[in-house]
file final.tsv (TSV, C-alpha atoms)
chain	number	residue	atom	x	y	z
I	1	PHE	CA	32.35	-8.54	6.52
I	2	GLU	CA	36.03	-9.05	7.34
I	3	CYS	CA	35.74	-6.79	10.39
I	4	CYS	CA	33.09	-9.16	11.81
I	5	GLN	CA	35.64	-11.99	11.58
I	6	HIS	CA	38.62	-10.06	12.97
I	7	HIS	CA	40.61	-11.53	15.82
I	8	GLU	CA	40.36	-8.28	17.81
I	9	PRO	CA	37.05	-8.00	19.73
I	10	ASP	CA	36.95	-4.21	19.33
I	11	VAL	CA	37.05	-4.58	15.56
I	12	ARG	CA	34.27	-7.19	15.59
I	13	GLN	CA	32.21	-4.95	17.86
I	14	SER	CA	32.49	-2.10	15.36
I	15	GLY	CA	31.79	-4.43	12.45
I	16	PHE	CA	28.49	-5.63	13.92
I	17	ALA	CA	27.54	-2.05	14.81
I	18	LEU	CA	27.97	-1.15	11.15
I	19	VAL	CA	25.89	-4.15	10.06
I	20	GLY	CA	23.04	-3.00	12.29
I	21	GLU	CA	23.19	0.57	11.05
I	22	LEU	CA	23.27	-0.55	7.41
I	23	ALA	CA	20.28	-2.80	8.04
I	24	LYS	CA	18.36	0.22	9.35
I	25	SER	CA	19.31	2.71	6.66
I	26	CYS	CA	20.13	0.78	3.47
I	27	PRO	CA	19.43	-2.96	3.89
I	28	GLY	CA	19.90	-3.60	0.18
I	29	ARG	CA	23.63	-3.09	0.63
I	30	LEU	CA	23.75	-6.18	2.84
I	31	SER	CA	21.72	-8.47	0.58
I	32	PRO	CA	24.65	-10.30	-1.06
I	33	LEU	CA	26.13	-11.23	2.34
I	34	LEU	CA	23.07	-11.67	4.55
I	35	GLY	CA	23.52	-15.39	5.15
I	36	PRO	CA	27.20	-15.23	6.07
I	37	LEU	CA	26.68	-12.08	8.17
I	38	LEU	CA	23.91	-13.69	10.21
I	39	GLU	CA	26.08	-16.76	10.68
I	40	LEU	CA	28.82	-14.50	12.05
I	41	CYS	CA	26.27	-12.94	14.39
I	42	ARG	CA	25.36	-16.42	15.62
I	43	LEU	CA	29.01	-17.39	16.11
I	44	ASN	CA	29.60	-14.28	18.22
I	45	LEU	CA	26.89	-14.90	20.80
I	46	ASP	CA	29.52	-15.21	23.51
I	47	PRO	CA	28.71	-13.20	26.67
I	48	ASP	CA	32.37	-13.28	27.70
I	49	TYR	CA	32.81	-10.61	25.02
I	50	VAL	CA	29.89	-8.44	26.09
I	51	SER	CA	30.28	-5.61	23.60
I	52	VAL	CA	30.75	-7.93	20.63
I	53	CYS	CA	27.85	-10.14	21.69
I	54	ASN	CA	25.67	-7.11	22.34
I	55	ASN	CA	26.19	-5.72	18.86
I	56	ALA	CA	25.85	-9.14	17.21
I	57	VAL	CA	22.44	-9.68	18.86
I	58	TRP	CA	21.29	-6.17	17.98
I	59	ALA	CA	22.51	-6.44	14.38
I	60	ALA	CA	20.76	-9.80	13.92
I	61	GLY	CA	17.49	-8.29	15.13
I	62	GLU	CA	17.84	-5.29	12.82
I	63	VAL	CA	18.49	-7.57	9.83
I	64	ILE	CA	15.85	-10.22	10.55
I	65	VAL	CA	12.98	-7.81	11.19
I	66	ARG	CA	13.46	-6.60	7.61
I	67	LEU	CA	13.73	-9.99	5.89
I	68	GLY	CA	10.03	-10.48	5.23
I	69	GLU	CA	9.15	-13.94	3.94
I	70	HIS	CA	12.78	-15.04	4.17
I	71	ALA	CA	12.98	-14.48	7.94
I	72	ALA	CA	11.92	-17.94	9.16
I	73	LYS	CA	15.15	-19.77	8.33
I	74	ALA	CA	17.28	-17.01	9.86
I	75	VAL	CA	15.17	-17.00	13.01
I	76	GLU	CA	15.44	-20.78	13.36
I	77	GLU	CA	19.22	-20.46	13.27
I	78	MET	CA	19.53	-17.46	15.61
I	79	LEU	CA	16.79	-18.28	18.12
I	80	PRO	CA	18.52	-21.01	20.17
I	81	GLY	CA	21.55	-18.83	20.88
I	82	VAL	CA	19.63	-15.67	21.75
I	83	ALA	CA	17.05	-17.55	23.82
I	84	GLY	CA	19.90	-19.28	25.62
I	85	LEU	CA	21.36	-15.91	26.56
I	86	MET	CA	17.94	-14.64	27.68
I	87	ILE	CA	17.62	-17.35	30.33
I	88	ARG	CA	21.17	-17.05	31.66
I	89	LYS	CA	21.68	-15.57	35.11
I	90	HIS	CA	23.90	-12.59	35.85
I	91	LEU	CA	24.02	-11.40	32.25
I	92	HIS	CA	24.97	-7.79	31.52
I	93	LYS	CA	21.91	-5.50	31.60
I	94	SER	CA	22.40	-4.06	28.11
I	95	LEU	CA	22.89	-7.54	26.65
I	96	LEU	CA	19.68	-8.76	28.27
I	97	GLU	CA	17.83	-5.77	26.84
I	98	ASN	CA	19.15	-6.40	23.34
I	99	CYS	CA	18.21	-10.08	23.64
I	100	ALA	CA	14.67	-9.14	24.70
I	101	ILE	CA	14.31	-6.76	21.75
I	102	ALA	CA	15.77	-9.32	19.33
I	103	LEU	CA	13.39	-12.04	20.51
I	104	GLY	CA	10.45	-9.72	19.97
I	105	ARG	CA	11.70	-8.91	16.50
I	106	PHE	CA	12.18	-12.59	15.71
I	107	ALA	CA	8.58	-13.18	16.82
I	108	LEU	CA	7.37	-10.31	14.66
I	109	ALA	CA	9.27	-11.52	11.59
I	110	ALA	CA	8.59	-15.26	11.93
I	111	PRO	CA	6.07	-16.05	14.70
I	112	ALA	CA	5.69	-19.69	13.68
I	113	ALA	CA	9.40	-20.28	14.24
I	114	VAL	CA	9.37	-18.65	17.69
I	115	THR	CA	6.04	-19.77	19.15
I	116	PRO	CA	7.01	-23.36	20.15
I	117	ARG	CA	9.95	-22.13	22.24
I	118	VAL	CA	8.31	-19.14	23.93
I	119	PRO	CA	7.58	-20.97	27.22
I	120	GLU	CA	11.33	-21.50	27.64
I	121	PHE	CA	12.16	-17.80	27.89
I	122	VAL	CA	8.92	-15.86	28.31
I	123	VAL	CA	9.49	-15.01	32.00
I	124	PRO	CA	12.88	-13.29	31.65
I	125	TRP	CA	11.77	-11.85	28.28
I	126	MET	CA	8.78	-10.10	29.87
I	127	ARG	CA	10.72	-8.99	32.95
I	128	VAL	CA	13.38	-7.30	30.85
I	129	LEU	CA	10.86	-5.85	28.38
I	130	ALA	CA	9.04	-4.22	31.29
I	131	GLN	CA	12.21	-2.30	32.20
I	132	ILE	CA	13.01	-1.00	28.70
I	133	ARG	CA	12.01	2.54	27.79
I	134	ASP	CA	9.31	2.94	25.18
I	135	ASP	CA	10.77	3.21	21.69
I	136	VAL	CA	10.36	1.68	18.25
I	137	GLU	CA	12.33	-1.42	19.23
I	138	LYS	CA	10.07	-2.08	22.23
I	139	GLU	CA	7.05	-1.44	20.04
I	140	GLN	CA	8.22	-4.13	17.62
I	141	SER	CA	8.77	-6.51	20.54
I	142	PHE	CA	5.20	-6.03	21.73
I	143	LEU	CA	3.88	-6.65	18.22
I	144	GLY	CA	5.91	-9.87	18.17
I	145	LEU	CA	4.53	-10.83	21.58
I	146	VAL	CA	0.98	-10.39	20.30
I	147	LEU	CA	1.64	-12.66	17.33
I	148	VAL	CA	3.08	-15.53	19.38
I	149	ALA	CA	0.35	-15.16	22.01
I	150	ARG	CA	-2.32	-15.47	19.35
I	151	ALA	CA	-0.57	-18.49	17.85
I	152	ASN	CA	-0.23	-20.31	21.19
I	153	PRO	CA	-2.14	-18.57	23.99
I	154	GLU	CA	-1.68	-21.54	26.33
I	155	GLY	CA	2.08	-21.08	26.11
I	156	LEU	CA	1.83	-17.83	28.06
I	157	ILE	CA	-0.72	-18.82	30.70
I	158	ASN	CA	1.83	-19.71	33.39
I	159	ALA	CA	3.60	-16.40	32.83
I	160	PHE	CA	0.50	-14.28	32.25
I	161	HIS	CA	1.26	-12.12	35.28
I	162	GLU	CA	4.67	-11.33	33.78
I	163	VAL	CA	2.96	-10.40	30.50
I	164	CYS	CA	0.73	-8.06	32.50
I	165	PHE	CA	3.73	-6.37	34.14
I	166	ALA	CA	5.29	-5.82	30.71
I	167	CYS	CA	2.07	-4.45	29.23
I	168	ALA	CA	1.65	-2.07	32.17
I	169	SER	CA	5.04	-0.56	31.31
I	170	TRP	CA	3.82	0.57	27.86
I	171	THR	CA	2.80	4.23	27.68
I	172	GLU	CA	3.25	5.40	24.08
I	173	ARG	CA	0.39	5.05	21.60
I	174	VAL	CA	2.31	5.03	18.32
I	175	LEU	CA	5.97	5.26	17.41
I	176	THR	CA	6.57	3.60	14.05
I	177	VAL	CA	6.15	5.87	11.05
I	178	GLY	CA	3.38	4.64	8.79
I	179	ASP	CA	1.55	2.62	11.43
I	180	PRO	CA	-2.02	3.58	12.29
I	181	PRO	CA	-2.30	5.57	15.53
I	182	GLY	CA	-2.48	3.33	18.59
I	183	ARG	CA	-1.56	0.13	16.76
I	184	VAL	CA	0.28	-1.46	19.66
I	185	HIS	CA	-2.15	-0.08	22.23
I	186	GLN	CA	-5.16	-1.52	20.43
I	187	GLN	CA	-3.53	-4.90	19.94
I	188	LEU	CA	-2.69	-5.09	23.64
I	189	VAL	CA	-6.26	-4.11	24.52
I	190	GLU	CA	-7.57	-6.96	22.38
I	191	LEU	CA	-5.00	-9.47	23.63
I	192	LEU	CA	-5.63	-8.79	27.32
I	193	ALA	CA	-9.40	-8.82	26.79
I	194	TRP	CA	-9.15	-12.19	25.04
I	195	TYR	CA	-7.13	-13.66	27.90
I	196	ARG	CA	-9.59	-12.34	30.47
I	197	GLN	CA	-12.55	-13.84	28.63
I	198	ALA	CA	-10.83	-17.21	28.19
I	199	LEU	CA	-9.56	-17.40	31.77
I	200	VAL	CA	-12.92	-16.38	33.25
I	201	ALA	CA	-14.65	-19.01	31.11
I	202	HIS	CA	-12.29	-21.68	32.46
I	203	GLY	CA	-12.51	-20.48	36.07
I	204	GLN	CA	-8.84	-19.48	36.14
I	205	TRP	CA	-9.02	-15.67	36.23
I	206	GLU	CA	-8.72	-15.35	39.99
I	207	ALA	CA	-5.76	-17.74	40.27
I	208	VAL	CA	-3.89	-16.48	37.22
I	209	TYR	CA	-4.59	-12.73	37.46
I	210	LEU	CA	-6.27	-11.50	40.64
I	211	ARG	CA	-3.95	-13.41	43.01
I	212	ARG	CA	-0.70	-12.85	41.09
I	213	VAL	CA	-0.90	-9.30	39.75
I	214	PRO	CA	-0.54	-6.52	42.36
I	215	GLN	CA	-3.38	-4.04	42.80
I	216	GLU	CA	-1.33	-1.14	41.42
I	217	VAL	CA	-0.58	-3.08	38.23
I	218	GLN	CA	-4.23	-4.07	37.91
I	219	ALA	CA	-5.16	-0.39	38.24
I	220	ALA	CA	-2.63	0.59	35.56
I	221	LEU	CA	-3.95	-2.06	33.16
I	222	ALA	CA	-7.53	-0.96	33.77
I	223	ALA	CA	-6.62	2.66	33.06
I	224	LYS	CA	-4.47	1.98	30.01
I	225	PHE	CA	-6.17	-1.01	28.42
I	226	ASN	CA	-9.61	-1.18	30.07
I	227	LEU	CA	-8.74	-4.56	31.60
I	228	GLN	CA	-11.28	-5.03	34.36
I	229	PRO	CA	-10.56	-7.11	37.48
call {"tool": "encode", "arguments": {"input": "final.tsv", "output": "structure tokens"}}
result
Amino acid sequence: FECCQHHEPDVRQSGFALVGELAKSCPGRLSPLLGPLLELCRLNLDPDYVSVCNNAVWAAGEVIVRLGEHAAKAVEEMLPGVAGLMIRKHLHKSLLENCAIALGRFALAAPAAVTPRVPEFVVPWMRVLAQIRDDVEKEQSFLGLVLVARANPEGLINAFHEVCFACASWTERVLTVGDPPGRVHQQLVELLAWYRQALVAHGQWEAVYLRRVPQEVQAALAAKFNLQP
């Protein structure tokens, strides 16, 4: 806890790295200090100290995705800062990636808290998510995306082509231990199919999808998720 408040950035960087690792392996150890630790994460969302900020964002995501019913308040406090970083230009690549993962985890843990603000950052969120390698963190981000899309499908319409690019980047079928095989894949199949049906019904499919998503991406989505043109 004291390391996360230290005047030396290198010490704070290491402190937040430890917080993230403890959240992954033994979250109960952090329980007595969760509120103050997340507040320190929020206070260190300063991109001028890239390594500190990077670890603070990552640690916050690792903690919040495990908070269960207590996640909403923490997400409400962390979301403005992380979303603000996500929409900044010329941000360090690794920091953008950690912000994208954290936003997905916030959405997974507390979709109602994230959904109203998704239109603000969905474009850079999807663009960065499309570039991240498939792993458990990306899997959690996609699950969060599905939840906020279901809660407010209209909020993603203007960026639906970016959602398609991100979905096309997904190749793994299951990563998280204990999840049913193909959990993310099946949810993306259902989400894309729902959007197609709704957009066709409203006469928007051609404008939103066929004109904005390149043929090669359409082919990938058809092969992976059975999304027909």
call {"tool": "atom_distance", "arguments": {"input": "final.tsv", "atom1": "CA of Val213 in chain I", "atom2": "CA of Lys138 in chain I"}}
result
21.9 Å
call {"tool": "closest_residue", "arguments": {"input": "final.tsv", "among": "I:Pro214, I:Gly35, I:Gly104, I:Pro229", "to": "Val136 in chain I", "atoms": "all atoms listed in the file"}}
result
I:Gly104
call {"tool": "atom_distance", "arguments": {"input": "final.tsv", "atom1": "CA of Leu95 in chain I", "atom2": "CA of Thr115 in chain I"}}
result
22.1 Å
call {"tool": "residues_near_point", "arguments": {"input": "final.tsv", "point": "(1.6, -11.4, 20.1)", "cutoff": "12 Å", "atoms": "only C-alpha atoms", "output": "PyMOL selection string"}}
result
chain I and resi 103-112+114-115+118+122+139-153+155-156+163+167+184+186-192+194-195
call {"tool": "residues_around", "arguments": {"input": "final.tsv", "residues": "Ser94 in chain I", "least_positions_apart": "2", "cutoff": "10 Å", "atoms": "only C-alpha atoms", "output": "list in words"}}
result
Val50, Ser51, Asn54, Leu91, His92, Leu96, Glu97, Asn98, Cys99, Ala100, Val128 and Ile132 of chain I
call {"tool": "write_last_selection", "arguments": {"input": "final.tsv", "atoms": "C-alpha atoms", "output": "PDB file, in the frame of the given file"}}
result
ATOM      1  CA  VAL I  50      29.890  -8.440  26.090  1.00  0.00           C
ATOM      2  CA  SER I  51      30.280  -5.610  23.600  1.00  0.00           C
ATOM      3  CA  ASN I  54      25.670  -7.110  22.340  1.00  0.00           C
ATOM      4  CA  LEU I  91      24.020 -11.400  32.250  1.00  0.00           C
ATOM      5  CA  HIS I  92      24.970  -7.790  31.520  1.00  0.00           C
ATOM      6  CA  LEU I  96      19.680  -8.760  28.270  1.00  0.00           C
ATOM      7  CA  GLU I  97      17.830  -5.770  26.840  1.00  0.00           C
ATOM      8  CA  ASN I  98      19.150  -6.400  23.340  1.00  0.00           C
ATOM      9  CA  CYS I  99      18.210 -10.080  23.640  1.00  0.00           C
ATOM     10  CA  ALA I 100      14.670  -9.140  24.700  1.00  0.00           C
ATOM     11  CA  VAL I 128      13.380  -7.300  30.850  1.00  0.00           C
ATOM     12  CA  ILE I 132      13.010  -1.000  28.700  1.00  0.00           C
TER      13      ILE I 132
END
call {"tool": "atom_distance", "arguments": {"input": "final.tsv", "atom1": "CA of Ala220 in chain I", "atom2": "CA of Ile101 in chain I"}}
result
23.1 Å
call {"tool": "closest_residue", "arguments": {"input": "final.tsv", "among": "I:Arg183, I:Lys224, I:Lys24, I:His161", "to": "Tyr209 in chain I", "atoms": "only C-alpha atoms"}}
result
I:His161
call {"tool": "decode", "arguments": {"input": "final.tsv", "residues": "range 67-79 of chain I", "atoms": "all heavy atoms", "output": "PDB file, in the first residue's frame"}}
result
ATOM      1  N   LEU I  67     -14.657  -8.347  -8.288  1.00  0.00           N
ATOM      2  CA  LEU I  67     -15.409  -7.761  -7.176  1.00  0.00           C
ATOM      3  C   LEU I  67     -16.854  -8.239  -7.081  1.00  0.00           C
ATOM      4  O   LEU I  67     -17.505  -8.005  -6.069  1.00  0.00           O
ATOM      5  CB  LEU I  67     -15.401  -6.232  -7.277  1.00  0.00           C
ATOM      6  CG  LEU I  67     -14.112  -5.528  -6.881  1.00  0.00           C
ATOM      7  CD1 LEU I  67     -14.283  -4.017  -7.002  1.00  0.00           C
ATOM      8  CD2 LEU I  67     -13.701  -5.890  -5.457  1.00  0.00           C
ATOM      9  N   GLY I  68     -17.359  -8.845  -8.140  1.00  0.00           N
ATOM     10  CA  GLY I  68     -18.732  -9.329  -8.102  1.00  0.00           C
ATOM     11  C   GLY I  68     -19.725  -8.194  -7.933  1.00  0.00           C
ATOM     12  O   GLY I  68     -19.639  -7.156  -8.592  1.00  0.00           O
ATOM     13  N   GLU I  69     -20.660  -8.359  -7.006  1.00  0.00           N
ATOM     14  CA  GLU I  69     -21.744  -7.390  -6.839  1.00  0.00           C
ATOM     15  C   GLU I  69     -21.266  -6.039  -6.327  1.00  0.00           C
ATOM     16  O   GLU I  69     -22.007  -5.058  -6.348  1.00  0.00           O
ATOM     17  CB  GLU I  69     -22.799  -7.950  -5.881  1.00  0.00           C
ATOM     18  CG  GLU I  69     -22.270  -8.230  -4.480  1.00  0.00           C
ATOM     19  CD  GLU I  69     -23.305  -8.860  -3.575  1.00  0.00           C
ATOM     20  OE1 GLU I  69     -24.339  -9.310  -4.085  1.00  0.00           O
ATOM     21  OE2 GLU I  69     -23.063  -8.910  -2.356  1.00  0.00           O
ATOM     22  N   HIS I  70     -20.031  -5.978  -5.870  1.00  0.00           N
ATOM     23  CA  HIS I  70     -19.492  -4.718  -5.340  1.00  0.00           C
ATOM     24  C   HIS I  70     -18.745  -3.915  -6.406  1.00  0.00           C
ATOM     25  O   HIS I  70     -18.135  -2.888  -6.092  1.00  0.00           O
ATOM     26  CB  HIS I  70     -18.546  -5.004  -4.176  1.00  0.00           C
ATOM     27  CG  HIS I  70     -19.179  -5.801  -3.070  1.00  0.00           C
ATOM     28  ND1 HIS I  70     -20.205  -5.311  -2.303  1.00  0.00           N
ATOM     29  CD2 HIS I  70     -18.942  -7.064  -2.634  1.00  0.00           C
ATOM     30  CE1 HIS I  70     -20.570  -6.229  -1.412  1.00  0.00           C
ATOM     31  NE2 HIS I  70     -19.827  -7.299  -1.602  1.00  0.00           N
ATOM     32  N   ALA I  71     -18.789  -4.374  -7.658  1.00  0.00           N
ATOM     33  CA  ALA I  71     -17.970  -3.752  -8.700  1.00  0.00           C
ATOM     34  C   ALA I  71     -18.500  -2.399  -9.170  1.00  0.00           C
ATOM     35  O   ALA I  71     -17.726  -1.541  -9.594  1.00  0.00           O
ATOM     36  CB  ALA I  71     -17.840  -4.694  -9.893  1.00  0.00           C
ATOM     37  N   ALA I  72     -19.812  -2.193  -9.116  1.00  0.00           N
ATOM     38  CA  ALA I  72     -20.407  -1.016  -9.757  1.00  0.00           C
ATOM     39  C   ALA I  72     -19.819   0.296  -9.247  1.00  0.00           C
ATOM     40  O   ALA I  72     -19.468   1.178 -10.038  1.00  0.00           O
ATOM     41  CB  ALA I  72     -21.921  -1.023  -9.571  1.00  0.00           C
ATOM     42  N   LYS I  73     -19.703   0.439  -7.944  1.00  0.00           N
ATOM     43  CA  LYS I  73     -19.180   1.693  -7.387  1.00  0.00           C
ATOM     44  C   LYS I  73     -17.735   1.926  -7.826  1.00  0.00           C
ATOM     45  O   LYS I  73     -17.348   3.035  -8.196  1.00  0.00           O
ATOM     46  CB  LYS I  73     -19.261   1.664  -5.867  1.00  0.00           C
ATOM     47  CG  LYS I  73     -18.819   2.964  -5.184  1.00  0.00           C
ATOM     48  CD  LYS I  73     -19.031   2.894  -3.689  1.00  0.00           C
ATOM     49  CE  LYS I  73     -18.689   4.236  -3.010  1.00  0.00           C
ATOM     50  NZ  LYS I  73     -17.280   4.593  -3.163  1.00  0.00           N
ATOM     51  N   ALA I  74     -16.932   0.859  -7.807  1.00  0.00           N
ATOM     52  CA  ALA I  74     -15.536   0.986  -8.224  1.00  0.00           C
ATOM     53  C   ALA I  74     -15.434   1.362  -9.698  1.00  0.00           C
ATOM     54  O   ALA I  74     -14.608   2.196 -10.082  1.00  0.00           O
ATOM     55  CB  ALA I  74     -14.796  -0.326  -7.956  1.00  0.00           C
ATOM     56  N   VAL I  75     -16.288   0.774 -10.523  1.00  0.00           N
ATOM     57  CA  VAL I  75     -16.274   1.096 -11.948  1.00  0.00           C
ATOM     58  C   VAL I  75     -16.672   2.549 -12.173  1.00  0.00           C
ATOM     59  O   VAL I  75     -16.049   3.262 -12.979  1.00  0.00           O
ATOM     60  CB  VAL I  75     -17.217   0.153 -12.727  1.00  0.00           C
ATOM     61  CG1 VAL I  75     -17.422   0.654 -14.157  1.00  0.00           C
ATOM     62  CG2 VAL I  75     -16.637  -1.262 -12.751  1.00  0.00           C
ATOM     63  N   GLU I  76     -17.687   3.013 -11.474  1.00  0.00           N
ATOM     64  CA  GLU I  76     -18.116   4.405 -11.613  1.00  0.00           C
ATOM     65  C   GLU I  76     -16.986   5.373 -11.290  1.00  0.00           C
ATOM     66  O   GLU I  76     -16.879   6.443 -11.912  1.00  0.00           O
ATOM     67  CB  GLU I  76     -19.313   4.673 -10.708  1.00  0.00           C
ATOM     68  CG  GLU I  76     -20.597   3.994 -11.183  1.00  0.00           C
ATOM     69  CD  GLU I  76     -21.710   4.080 -10.161  1.00  0.00           C
ATOM     70  OE1 GLU I  76     -21.469   4.654  -9.067  1.00  0.00           O
ATOM     71  OE2 GLU I  76     -22.819   3.577 -10.435  1.00  0.00           O
ATOM     72  N   GLU I  77     -16.134   5.009 -10.349  1.00  0.00           N
ATOM     73  CA  GLU I  77     -15.038   5.884  -9.965  1.00  0.00           C
ATOM     74  C   GLU I  77     -13.857   5.803 -10.931  1.00  0.00           C
ATOM     75  O   GLU I  77     -13.199   6.803 -11.214  1.00  0.00           O
ATOM     76  CB  GLU I  77     -14.585   5.538  -8.548  1.00  0.00           C
ATOM     77  CG  GLU I  77     -15.644   5.865  -7.493  1.00  0.00           C
ATOM     78  CD  GLU I  77     -15.275   5.369  -6.107  1.00  0.00           C
ATOM     79  OE1 GLU I  77     -14.276   4.624  -5.989  1.00  0.00           O
ATOM     80  OE2 GLU I  77     -15.992   5.716  -5.150  1.00  0.00           O
ATOM     81  N   MET I  78     -13.596   4.605 -11.467  1.00  0.00           N
ATOM     82  CA  MET I  78     -12.442   4.420 -12.344  1.00  0.00           C
ATOM     83  C   MET I  78     -12.736   4.747 -13.799  1.00  0.00           C
ATOM     84  O   MET I  78     -11.846   5.157 -14.548  1.00  0.00           O
ATOM     85  CB  MET I  78     -11.948   2.967 -12.263  1.00  0.00           C
ATOM     86  CG  MET I  78     -11.269   2.576 -10.965  1.00  0.00           C
ATOM     87  SD  MET I  78      -9.707   3.474 -10.659  1.00  0.00           S
ATOM     88  CE  MET I  78      -8.767   3.092 -12.125  1.00  0.00           C
ATOM     89  N   LEU I  79     -13.982   4.574 -14.221  1.00  0.00           N
ATOM     90  CA  LEU I  79     -14.322   4.678 -15.639  1.00  0.00           C
ATOM     91  C   LEU I  79     -13.966   6.019 -16.276  1.00  0.00           C
ATOM     92  O   LEU I  79     -13.374   6.031 -17.366  1.00  0.00           O
ATOM     93  CB  LEU I  79     -15.808   4.367 -15.838  1.00  0.00           C
ATOM     94  CG  LEU I  79     -16.313   4.412 -17.278  1.00  0.00           C
ATOM     95  CD1 LEU I  79     -15.587   3.389 -18.148  1.00  0.00           C
ATOM     96  CD2 LEU I  79     -17.823   4.162 -17.320  1.00  0.00           C
TER      97      LEU I  79
END
